[in-house]
Structures are given as structure tokens and as C-alpha cells.
>>> print(open('data-v8.cif').read())   # mmCIF, N, CA, C and O atoms
data_run
loop_
_atom_site.label_atom_id
_atom_site.label_comp_id
_atom_site.auth_asym_id
_atom_site.auth_seq_id
_atom_site.Cartn_x
_atom_site.Cartn_y
_atom_site.Cartn_z
N ARG A 760 -4.93 6.45 -12.43
CA ARG A 760 -5.46 7.28 -11.38
C ARG A 760 -6.98 7.28 -11.35
O ARG A 760 -7.57 7.76 -10.40
N ALA A 761 -7.60 6.78 -12.40
CA ALA A 761 -9.06 6.76 -12.44
C ALA A 761 -9.63 5.90 -11.32
O ALA A 761 -10.64 6.26 -10.71
N ARG A 762 -8.99 4.77 -11.03
CA ARG A 762 -9.45 3.90 -9.94
C ARG A 762 -9.36 4.63 -8.60
O ARG A 762 -10.27 4.54 -7.78
N GLN A 763 -8.28 5.36 -8.42
CA GLN A 763 -8.12 6.12 -7.18
C GLN A 763 -9.18 7.22 -7.09
O GLN A 763 -9.77 7.43 -6.01
N ALA A 764 -9.43 7.89 -8.18
CA ALA A 764 -10.42 8.97 -8.19
C ALA A 764 -11.80 8.44 -7.80
O ALA A 764 -12.52 9.07 -7.01
N ARG A 765 -12.16 7.28 -8.34
CA ARG A 765 -13.45 6.68 -7.98
C ARG A 765 -13.47 6.25 -6.52
O ARG A 765 -14.45 6.48 -5.80
N ARG A 766 -12.39 5.62 -6.07
CA ARG A 766 -12.33 5.11 -4.70
C ARG A 766 -12.41 6.24 -3.68
O ARG A 766 -13.06 6.11 -2.65
N TYR A 767 -11.74 7.33 -3.97
CA TYR A 767 -11.63 8.42 -2.99
C TYR A 767 -12.57 9.59 -3.27
O TYR A 767 -12.41 10.66 -2.69
N ALA A 768 -13.54 9.40 -4.15
CA ALA A 768 -14.48 10.47 -4.48
C ALA A 768 -15.14 11.02 -3.22
O ALA A 768 -15.58 10.26 -2.35
N GLY A 769 -15.14 12.35 -3.10
CA GLY A 769 -15.77 12.99 -1.96
C GLY A 769 -14.91 13.04 -0.71
O GLY A 769 -15.36 13.50 0.33
N ARG A 770 -13.70 12.57 -0.80
CA ARG A 770 -12.78 12.57 0.36
C ARG A 770 -11.84 13.76 0.24
O ARG A 770 -11.75 14.40 -0.79
N ARG A 771 -11.10 14.01 1.30
CA ARG A 771 -10.14 15.12 1.31
C ARG A 771 -8.81 14.74 0.67
O ARG A 771 -7.87 15.52 0.69
N PHE A 772 -8.71 13.57 0.10
CA PHE A 772 -7.50 13.11 -0.57
C PHE A 772 -7.90 12.44 -1.87
O PHE A 772 -9.03 12.00 -2.03
N GLU A 773 -6.94 12.39 -2.80
CA GLU A 773 -7.24 11.84 -4.13
C GLU A 773 -6.33 10.70 -4.54
O GLU A 773 -6.67 9.95 -5.45
N LEU A 774 -5.17 10.59 -3.92
CA LEU A 774 -4.16 9.62 -4.34
C LEU A 774 -3.82 8.66 -3.22
O LEU A 774 -3.95 9.00 -2.04
N ASN A 775 -3.34 7.47 -3.59
CA ASN A 775 -2.91 6.50 -2.58
C ASN A 775 -1.84 7.10 -1.68
O ASN A 775 -1.82 6.84 -0.48
N ALA A 776 -0.95 7.90 -2.24
CA ALA A 776 0.12 8.50 -1.44
C ALA A 776 -0.42 9.43 -0.37
O ALA A 776 0.24 9.65 0.65
N GLU A 777 -1.60 9.97 -0.56
CA GLU A 777 -2.21 10.91 0.39
C GLU A 777 -3.10 10.21 1.41
O GLU A 777 -3.66 10.87 2.29
N LEU A 778 -3.25 8.92 1.30
CA LEU A 778 -4.15 8.13 2.15
C LEU A 778 -3.77 8.29 3.62
O LEU A 778 -2.64 7.99 4.01
N PRO A 779 -4.68 8.78 4.47
CA PRO A 779 -4.38 8.92 5.90
C PRO A 779 -4.14 7.56 6.56
O PRO A 779 -4.80 6.57 6.22
N ASP A 780 -3.23 7.54 7.51
CA ASP A 780 -2.89 6.29 8.20
C ASP A 780 -4.12 5.62 8.80
O ASP A 780 -4.24 4.40 8.79
N ALA A 781 -5.03 6.42 9.33
CA ALA A 781 -6.22 5.87 9.99
C ALA A 781 -7.13 5.12 9.02
O ALA A 781 -7.98 4.34 9.45
N GLN A 782 -6.95 5.33 7.73
CA GLN A 782 -7.82 4.68 6.75
C GLN A 782 -7.08 3.66 5.88
O GLN A 782 -7.63 3.18 4.89
N LEU A 783 -5.87 3.31 6.26
CA LEU A 783 -5.11 2.33 5.48
C LEU A 783 -5.84 1.01 5.35
O LEU A 783 -5.98 0.47 4.25
N ASP A 784 -6.31 0.46 6.46
CA ASP A 784 -6.99 -0.84 6.42
C ASP A 784 -8.20 -0.81 5.49
O ASP A 784 -8.43 -1.75 4.73
N GLU A 785 -8.97 0.26 5.57
CA GLU A 785 -10.19 0.38 4.79
C GLU A 785 -9.92 0.39 3.29
O GLU A 785 -10.63 -0.26 2.51
N PHE A 786 -8.89 1.12 2.87
CA PHE A 786 -8.68 1.32 1.45
C PHE A 786 -7.61 0.43 0.82
O PHE A 786 -7.67 0.13 -0.36
N VAL A 787 -6.62 0.01 1.59
CA VAL A 787 -5.58 -0.86 1.02
C VAL A 787 -6.15 -2.24 0.74
O VAL A 787 -5.83 -2.86 -0.26
N ARG A 788 -7.00 -2.72 1.62
CA ARG A 788 -7.66 -4.01 1.46
C ARG A 788 -6.68 -5.13 1.12
O ARG A 788 -6.84 -5.85 0.13
N ALA A 789 -5.66 -5.25 1.94
CA ALA A 789 -4.65 -6.30 1.72
C ALA A 789 -5.21 -7.66 2.12
O ALA A 789 -5.98 -7.77 3.08
N THR A 790 -4.82 -8.67 1.39
CA THR A 790 -5.20 -10.03 1.74
C THR A 790 -4.46 -10.44 3.02
O THR A 790 -3.44 -9.84 3.37
N PRO A 791 -4.95 -11.46 3.72
CA PRO A 791 -4.22 -11.92 4.92
C PRO A 791 -2.77 -12.28 4.61
O PRO A 791 -1.87 -11.99 5.39
N GLU A 792 -2.55 -12.88 3.44
CA GLU A 792 -1.19 -13.26 3.05
C GLU A 792 -0.32 -12.02 2.80
O GLU A 792 0.86 -12.01 3.12
N GLY A 793 -0.93 -10.97 2.26
CA GLY A 793 -0.20 -9.72 2.04
C GLY A 793 0.22 -9.10 3.36
O GLY A 793 1.35 -8.62 3.51
N TRP A 794 -0.70 -9.12 4.35
CA TRP A 794 -0.37 -8.59 5.69
C TRP A 794 0.74 -9.43 6.32
O TRP A 794 1.64 -8.89 6.97
N GLN A 795 0.67 -10.75 6.15
CA GLN A 795 1.70 -11.61 6.73
C GLN A 795 3.07 -11.31 6.13
O GLN A 795 4.07 -11.23 6.84
N LEU A 796 3.13 -11.14 4.81
CA LEU A 796 4.40 -10.81 4.16
C LEU A 796 4.93 -9.48 4.69
O LEU A 796 6.12 -9.36 4.99
N LEU A 797 4.07 -8.51 4.81
CA LEU A 797 4.51 -7.21 5.33
C LEU A 797 5.04 -7.36 6.76
O LEU A 797 6.10 -6.82 7.09
N GLY A 798 4.34 -8.12 7.59
CA GLY A 798 4.79 -8.34 8.97
C GLY A 798 6.14 -9.02 9.03
O GLY A 798 7.02 -8.61 9.81
N ARG A 799 6.32 -10.04 8.22
CA ARG A 799 7.62 -10.73 8.19
C ARG A 799 8.72 -9.79 7.70
O ARG A 799 9.85 -9.81 8.20
N SER A 800 8.39 -8.94 6.74
CA SER A 800 9.37 -8.01 6.19
C SER A 800 9.74 -6.93 7.21
O SER A 800 10.90 -6.52 7.28
N VAL A 801 8.77 -6.48 7.98
CA VAL A 801 9.06 -5.51 9.04
C VAL A 801 10.08 -6.09 10.00
O VAL A 801 11.07 -5.43 10.35
N ASP A 802 9.87 -7.34 10.38
CA ASP A 802 10.81 -8.01 11.30
C ASP A 802 12.16 -8.25 10.65
O ASP A 802 13.20 -7.93 11.22
N ALA A 803 12.16 -8.79 9.46
CA ALA A 803 13.42 -9.18 8.80
C ALA A 803 14.25 -7.98 8.35
O ALA A 803 15.48 -8.01 8.43
N LEU A 804 13.57 -6.93 7.87
CA LEU A 804 14.28 -5.78 7.33
C LEU A 804 14.39 -4.62 8.32
O LEU A 804 15.03 -3.62 8.03
N GLY A 805 13.72 -4.77 9.45
CA GLY A 805 13.74 -3.70 10.45
C GLY A 805 13.03 -2.44 9.97
O GLY A 805 13.45 -1.33 10.29
N LEU A 806 11.94 -2.62 9.22
CA LEU A 806 11.21 -1.46 8.71
C LEU A 806 10.51 -0.73 9.85
O LEU A 806 9.95 -1.35 10.75
N SER A 807 10.53 0.58 9.78
CA SER A 807 9.79 1.39 10.74
C SER A 807 8.30 1.34 10.38
O SER A 807 7.92 0.90 9.28
N ALA A 808 7.47 1.81 11.29
CA ALA A 808 6.03 1.86 11.01
C ALA A 808 5.77 2.77 9.81
O ALA A 808 4.93 2.47 8.96
N ARG A 809 6.49 3.86 9.73
CA ARG A 809 6.33 4.78 8.60
C ARG A 809 6.69 4.09 7.28
O ARG A 809 5.99 4.23 6.28
N ALA A 810 7.78 3.37 7.27
CA ALA A 810 8.20 2.65 6.06
C ALA A 810 7.16 1.60 5.67
O ALA A 810 6.86 1.43 4.49
N ALA A 811 6.62 0.89 6.65
CA ALA A 811 5.61 -0.13 6.37
C ALA A 811 4.36 0.51 5.76
O ALA A 811 3.77 -0.04 4.82
N ARG A 812 3.97 1.68 6.25
CA ARG A 812 2.81 2.37 5.68
C ARG A 812 3.09 2.79 4.24
O ARG A 812 2.21 2.69 3.38
N ARG A 813 4.29 3.23 3.97
CA ARG A 813 4.64 3.62 2.60
C ARG A 813 4.61 2.40 1.67
O ARG A 813 4.15 2.50 0.53
N VAL A 814 5.10 1.27 2.17
CA VAL A 814 5.04 0.03 1.37
C VAL A 814 3.60 -0.30 1.03
O VAL A 814 3.27 -0.65 -0.11
N LEU A 815 2.69 -0.18 2.00
CA LEU A 815 1.28 -0.47 1.75
C LEU A 815 0.69 0.45 0.69
O LEU A 815 -0.08 0.01 -0.17
N LYS A 816 1.03 1.72 0.75
CA LYS A 816 0.49 2.67 -0.23
C LYS A 816 1.01 2.36 -1.63
O LYS A 816 0.26 2.43 -2.61
N VAL A 817 2.28 2.01 -1.74
CA VAL A 817 2.85 1.64 -3.04
C VAL A 817 2.20 0.34 -3.53
O VAL A 817 1.84 0.21 -4.71
N ALA A 818 2.02 -0.61 -2.63
CA ALA A 818 1.38 -1.88 -2.99
C ALA A 818 -0.04 -1.65 -3.49
O ALA A 818 -0.49 -2.30 -4.44
N ARG A 819 -0.77 -0.71 -2.87
CA ARG A 819 -2.12 -0.38 -3.32
C ARG A 819 -2.08 0.18 -4.75
O ARG A 819 -2.92 -0.15 -5.59
N SER A 820 -1.09 1.00 -5.05
CA SER A 820 -0.94 1.56 -6.40
C SER A 820 -0.63 0.45 -7.40
O SER A 820 -1.15 0.47 -8.53
N ILE A 821 0.20 -0.49 -7.01
CA ILE A 821 0.52 -1.63 -7.89
C ILE A 821 -0.74 -2.45 -8.16
O ILE A 821 -1.01 -2.84 -9.30
N ALA A 822 -1.53 -2.68 -7.13
CA ALA A 822 -2.79 -3.41 -7.31
C ALA A 822 -3.74 -2.65 -8.23
O ALA A 822 -4.42 -3.25 -9.07
N ASP A 823 -3.76 -1.32 -8.11
CA ASP A 823 -4.59 -0.52 -9.00
C ASP A 823 -4.17 -0.68 -10.46
O ASP A 823 -5.01 -0.81 -11.34
N LEU A 824 -2.87 -0.66 -10.70
CA LEU A 824 -2.37 -0.82 -12.07
C LEU A 824 -2.75 -2.18 -12.65
O LEU A 824 -2.97 -2.32 -13.85
N ALA A 825 -2.84 -3.18 -11.76
CA ALA A 825 -3.24 -4.52 -12.19
C ALA A 825 -4.76 -4.69 -12.17
O ALA A 825 -5.26 -5.78 -12.44
N GLU A 826 -5.47 -3.62 -11.83
CA GLU A 826 -6.93 -3.60 -11.76
C GLU A 826 -7.49 -4.62 -10.78
O GLU A 826 -8.50 -5.28 -11.05
N ARG A 827 -6.81 -4.74 -9.63
CA ARG A 827 -7.27 -5.63 -8.56
C ARG A 827 -7.92 -4.81 -7.45
O ARG A 827 -7.43 -3.74 -7.09
N ASP A 828 -8.99 -5.34 -6.88
CA ASP A 828 -9.66 -4.67 -5.76
C ASP A 828 -8.92 -4.90 -4.45
O ASP A 828 -8.97 -4.05 -3.57
N GLU A 829 -8.27 -6.04 -4.33
CA GLU A 829 -7.50 -6.35 -3.13
C GLU A 829 -6.01 -6.22 -3.43
O GLU A 829 -5.57 -6.42 -4.55
N THR A 830 -5.27 -5.89 -2.38
CA THR A 830 -3.81 -5.81 -2.48
C THR A 830 -3.28 -7.17 -2.06
O THR A 830 -3.45 -7.58 -0.92
N CYS A 831 -2.65 -7.89 -2.99
CA CYS A 831 -2.23 -9.26 -2.72
C CYS A 831 -0.74 -9.34 -2.39
O CYS A 831 -0.01 -8.35 -2.41
N THR A 832 -0.30 -10.53 -2.09
CA THR A 832 1.09 -10.78 -1.72
C THR A 832 2.05 -10.28 -2.79
O THR A 832 3.08 -9.68 -2.48
N GLU A 833 1.71 -10.51 -4.05
CA GLU A 833 2.58 -10.09 -5.14
C GLU A 833 2.75 -8.57 -5.16
O GLU A 833 3.83 -8.06 -5.45
N ASP A 834 1.68 -7.85 -4.83
CA ASP A 834 1.74 -6.39 -4.81
C ASP A 834 2.66 -5.91 -3.68
O ASP A 834 3.48 -5.01 -3.86
N VAL A 835 2.54 -6.53 -2.52
CA VAL A 835 3.39 -6.18 -1.38
C VAL A 835 4.85 -6.52 -1.70
O VAL A 835 5.75 -5.72 -1.44
N ALA A 836 5.06 -7.69 -2.28
CA ALA A 836 6.43 -8.10 -2.63
C ALA A 836 7.05 -7.13 -3.63
O ALA A 836 8.22 -6.75 -3.49
N GLU A 837 6.28 -6.71 -4.63
CA GLU A 837 6.81 -5.76 -5.60
C GLU A 837 7.12 -4.42 -4.94
O GLU A 837 8.17 -3.82 -5.20
N ALA A 838 6.24 -3.96 -4.09
CA ALA A 838 6.48 -2.70 -3.38
C ALA A 838 7.75 -2.79 -2.54
O ALA A 838 8.55 -1.85 -2.50
N LEU A 839 7.95 -3.91 -1.88
CA LEU A 839 9.16 -4.10 -1.07
C LEU A 839 10.41 -4.12 -1.95
O LEU A 839 11.47 -3.65 -1.52
N SER A 840 10.27 -4.61 -3.17
CA SER A 840 11.44 -4.68 -4.06
C SER A 840 11.93 -3.30 -4.48
O SER A 840 13.07 -3.16 -4.90
N TYR A 841 11.09 -2.30 -4.37
CA TYR A 841 11.48 -0.94 -4.73
C TYR A 841 12.21 -0.21 -3.61
O TYR A 841 12.72 0.88 -3.82
N ARG A 842 12.23 -0.81 -2.43
CA ARG A 842 12.93 -0.17 -1.30
C ARG A 842 14.43 -0.25 -1.52
O ARG A 842 14.95 -1.27 -1.93
N PRO A 843 15.12 0.84 -1.22
CA PRO A 843 16.58 0.80 -1.36
C PRO A 843 17.21 -0.13 -0.31
O PRO A 843 16.65 -0.32 0.77
N GLU A 844 18.33 -0.70 -0.67
CA GLU A 844 19.04 -1.56 0.27
C GLU A 844 19.96 -0.71 1.14
O GLU A 844 20.40 0.34 0.73
N GLY A 845 20.24 -1.21 2.32
CA GLY A 845 21.16 -0.52 3.21
C GLY A 845 20.47 0.52 4.06
O GLY A 845 19.30 0.80 3.91
N PRO A 846 21.22 1.09 4.98
CA PRO A 846 20.65 2.07 5.91
C PRO A 846 20.29 3.37 5.21
O PRO A 846 20.91 3.75 4.21
N ARG A 847 19.26 4.01 5.72
CA ARG A 847 18.83 5.30 5.18
C ARG A 847 19.69 6.40 5.78
O ARG A 847 20.03 6.38 6.94
N ALA A 848 20.05 7.38 4.98
CA ALA A 848 20.86 8.50 5.46
C ALA A 848 20.01 9.55 6.11
O ALA A 848 18.88 9.70 5.89
#
>>> encode(input="data-v8.cif", output="C-alpha cells")
Amino acid sequence: RARQARRYAGRRFELNAELPDAQLDEFVRATPEGWQLLGRSVDALGLSARAARRVLKVARSIADLAERDETCTEDVAEALSYRPEGPRA
């Protein structure tokens, strides 16, 4: 959480999970390949916009744990792997 604390210092939020939608691009900093994977996954899995935003926030947390400044394809893929299979109730 130290990386998040530094990144969000002085903001009204402290955690990736609290990241406002309007600031996703600024703080997630996904690589072009990461965005492409997310786009393909939205189409293939039928993810809603809300689900895609949650995937990005989880991917940002994964990148933080790996001490990366950018969110890469591997981070997005890992975040997608945590999604449950099948329809949501």
C-alpha cells in the first residue's frame, strides 16, 4: 500500500479500489498491449464497463505488488483470471 499512498498523496482517495473512473487512465497507466487485452476480453467475455473498470483497478494493484510503474499485459491477464466463470447472480 505504500506505493498507493505515495501515488495518491493529497487526493480524496488512498487505494486503487477507490480510484475514480475519471482518473483511471491517469493512474492505471496501462501499456497499449494491456488495453488491447482488456478490449478483447470485454468483447470475448461480455464484460460490462463496470467489470472492465474493476479489472483495471485489480491489475493496477498487481502491478504495484510487482513494483511496476505501468500496468502491463501480464497484470491485466492475472486480474482477468480472478474473475468468476459463468453468469453473475
>>> residues_around(input="data-v8.cif", residues="stretch 777-783 of chain A", least_positions_apart="6", cutoff="8 Å", atoms="all atoms listed in the file", output="list of chain:residue names")
A:Arg771, A:Ala789, A:Arg812, A:Leu815, A:Lys816
>>> residues_around(input="data-v8.cif", residues="A:Leu796", least_positions_apart="2", cutoff="12 Å", atoms="only C-alpha atoms", output="ChimeraX atom specification")
/A:789-794,798-804,811,814-815,818,830-839
>>> write_last_selection(input="data-v8.cif", atoms="N, CA, C and O atoms", output="short mmCIF file (atom, residue, chain, number, x, y, z; two decimals), in the frame of the given file")
data_model
loop_
_atom_site.label_atom_id
_atom_site.label_comp_id
_atom_site.auth_asym_id
_atom_site.auth_seq_id
_atom_site.Cartn_x
_atom_site.Cartn_y
_atom_site.Cartn_z
N ALA A 789 -5.66 -5.25 1.94
CA ALA A 789 -4.65 -6.30 1.72
C ALA A 789 -5.21 -7.66 2.12
O ALA A 789 -5.98 -7.77 3.08
N THR A 790 -4.82 -8.67 1.39
CA THR A 790 -5.20 -10.03 1.74
C THR A 790 -4.46 -10.44 3.02
O THR A 790 -3.44 -9.84 3.37
N PRO A 791 -4.95 -11.46 3.72
CA PRO A 791 -4.22 -11.92 4.92
C PRO A 791 -2.77 -12.28 4.61
O PRO A 791 -1.87 -11.99 5.39
N GLU A 792 -2.55 -12.88 3.44
CA GLU A 792 -1.19 -13.26 3.05
C GLU A 792 -0.32 -12.02 2.80
O GLU A 792 0.86 -12.01 3.12
N GLY A 793 -0.93 -10.97 2.26
CA GLY A 793 -0.20 -9.72 2.04
C GLY A 793 0.22 -9.10 3.36
O GLY A 793 1.35 -8.62 3.51
N TRP A 794 -0.70 -9.12 4.35
CA TRP A 794 -0.37 -8.59 5.69
C TRP A 794 0.74 -9.43 6.32
O TRP A 794 1.64 -8.89 6.97
N GLY A 798 4.34 -8.12 7.59
CA GLY A 798 4.79 -8.34 8.97
C GLY A 798 6.14 -9.02 9.03
O GLY A 798 7.02 -8.61 9.81
N ARG A 799 6.32 -10.04 8.22
CA ARG A 799 7.62 -10.73 8.19
C ARG A 799 8.72 -9.79 7.70
O ARG A 799 9.85 -9.81 8.20
N SER A 800 8.39 -8.94 6.74
CA SER A 800 9.37 -8.01 6.19
C SER A 800 9.74 -6.93 7.21
O SER A 800 10.90 -6.52 7.28
N VAL A 801 8.77 -6.48 7.98
CA VAL A 801 9.06 -5.51 9.04
C VAL A 801 10.08 -6.09 10.00
O VAL A 801 11.07 -5.43 10.35
N ASP A 802 9.87 -7.34 10.38
CA ASP A 802 10.81 -8.01 11.30
C ASP A 802 12.16 -8.25 10.65
O ASP A 802 13.20 -7.93 11.22
N ALA A 803 12.16 -8.79 9.46
CA ALA A 803 13.42 -9.18 8.80
C ALA A 803 14.25 -7.98 8.35
O ALA A 803 15.48 -8.01 8.43
N LEU A 804 13.57 -6.93 7.87
CA LEU A 804 14.28 -5.78 7.33
C LEU A 804 14.39 -4.62 8.32
O LEU A 804 15.03 -3.62 8.03
N ALA A 811 6.62 0.89 6.65
CA ALA A 811 5.61 -0.13 6.37
C ALA A 811 4.36 0.51 5.76
O ALA A 811 3.77 -0.04 4.82
N VAL A 814 5.10 1.27 2.17
CA VAL A 814 5.04 0.03 1.37
C VAL A 814 3.60 -0.30 1.03
O VAL A 814 3.27 -0.65 -0.11
N LEU A 815 2.69 -0.18 2.00
CA LEU A 815 1.28 -0.47 1.75
C LEU A 815 0.69 0.45 0.69
O LEU A 815 -0.08 0.01 -0.17
N ALA A 818 2.02 -0.61 -2.63
CA ALA A 818 1.38 -1.88 -2.99
C ALA A 818 -0.04 -1.65 -3.49
O ALA A 818 -0.49 -2.30 -4.44
N THR A 830 -5.27 -5.89 -2.38
CA THR A 830 -3.81 -5.81 -2.48
C THR A 830 -3.28 -7.17 -2.06
O THR A 830 -3.45 -7.58 -0.92
N CYS A 831 -2.65 -7.89 -2.99
CA CYS A 831 -2.23 -9.26 -2.72
C CYS A 831 -0.74 -9.34 -2.39
O CYS A 831 -0.01 -8.35 -2.41
N THR A 832 -0.30 -10.53 -2.09
CA THR A 832 1.09 -10.78 -1.72
C THR A 832 2.05 -10.28 -2.79
O THR A 832 3.08 -9.68 -2.48
N GLU A 833 1.71 -10.51 -4.05
CA GLU A 833 2.58 -10.09 -5.14
C GLU A 833 2.75 -8.57 -5.16
O GLU A 833 3.83 -8.06 -5.45
N ASP A 834 1.68 -7.85 -4.83
CA ASP A 834 1.74 -6.39 -4.81
C ASP A 834 2.66 -5.91 -3.68
O ASP A 834 3.48 -5.01 -3.86
N VAL A 835 2.54 -6.53 -2.52
CA VAL A 835 3.39 -6.18 -1.38
C VAL A 835 4.85 -6.52 -1.70
O VAL A 835 5.75 -5.72 -1.44
N ALA A 836 5.06 -7.69 -2.28
CA ALA A 836 6.43 -8.10 -2.63
C ALA A 836 7.05 -7.13 -3.63
O ALA A 836 8.22 -6.75 -3.49
N GLU A 837 6.28 -6.71 -4.63
CA GLU A 837 6.81 -5.76 -5.60
C GLU A 837 7.12 -4.42 -4.94
O GLU A 837 8.17 -3.82 -5.20
N ALA A 838 6.24 -3.96 -4.09
CA ALA A 838 6.48 -2.70 -3.38
C ALA A 838 7.75 -2.79 -2.54
O ALA A 838 8.55 -1.85 -2.50
N LEU A 839 7.95 -3.91 -1.88
CA LEU A 839 9.16 -4.10 -1.07
C LEU A 839 10.41 -4.12 -1.95
O LEU A 839 11.47 -3.65 -1.52
#
>>> select_by_dssp(input="data-v8.cif", residues="chain A", states="helix (DSSP H, G or I)", output="PyMOL selection string")
chain A and resi 761-766+775-777+780-787+791-804+808-824+832-840
>>> atom_distance(input="data-v8.cif", atom1="atom CA of A:Glu844", atom2="atom CA of A:Glu829")
27.2 Å
>>> atom_distance(input="data-v8.cif", atom1="atom CA of A:Ala768", atom2="atom CA of A:Ala810")
26.2 Å
>>> atom_distance(input="data-v8.cif", atom1="atom C of A:Leu824", atom2="atom C of A:Phe786")
14.6 Å
>>> residues_around(input="data-v8.cif", residues="stretch 760-766 of chain A", least_positions_apart="3", cutoff="8 Å", atoms="all atoms listed in the file", output="JSON, numbers by chain")
{"A": [769, 770, 772, 773, 774, 775, 786, 823, 824]}
>>> axis_aligned_box(input="data-v8.cif", around="stretch 834-842 of chain A", padding_each_side="5 Å", output="AutoDock Vina command-line options")
--center_x 8.3 --center_y -3.6 --center_z -3.3 --size_x 23.3 --size_y 19.0 --size_z 14.5
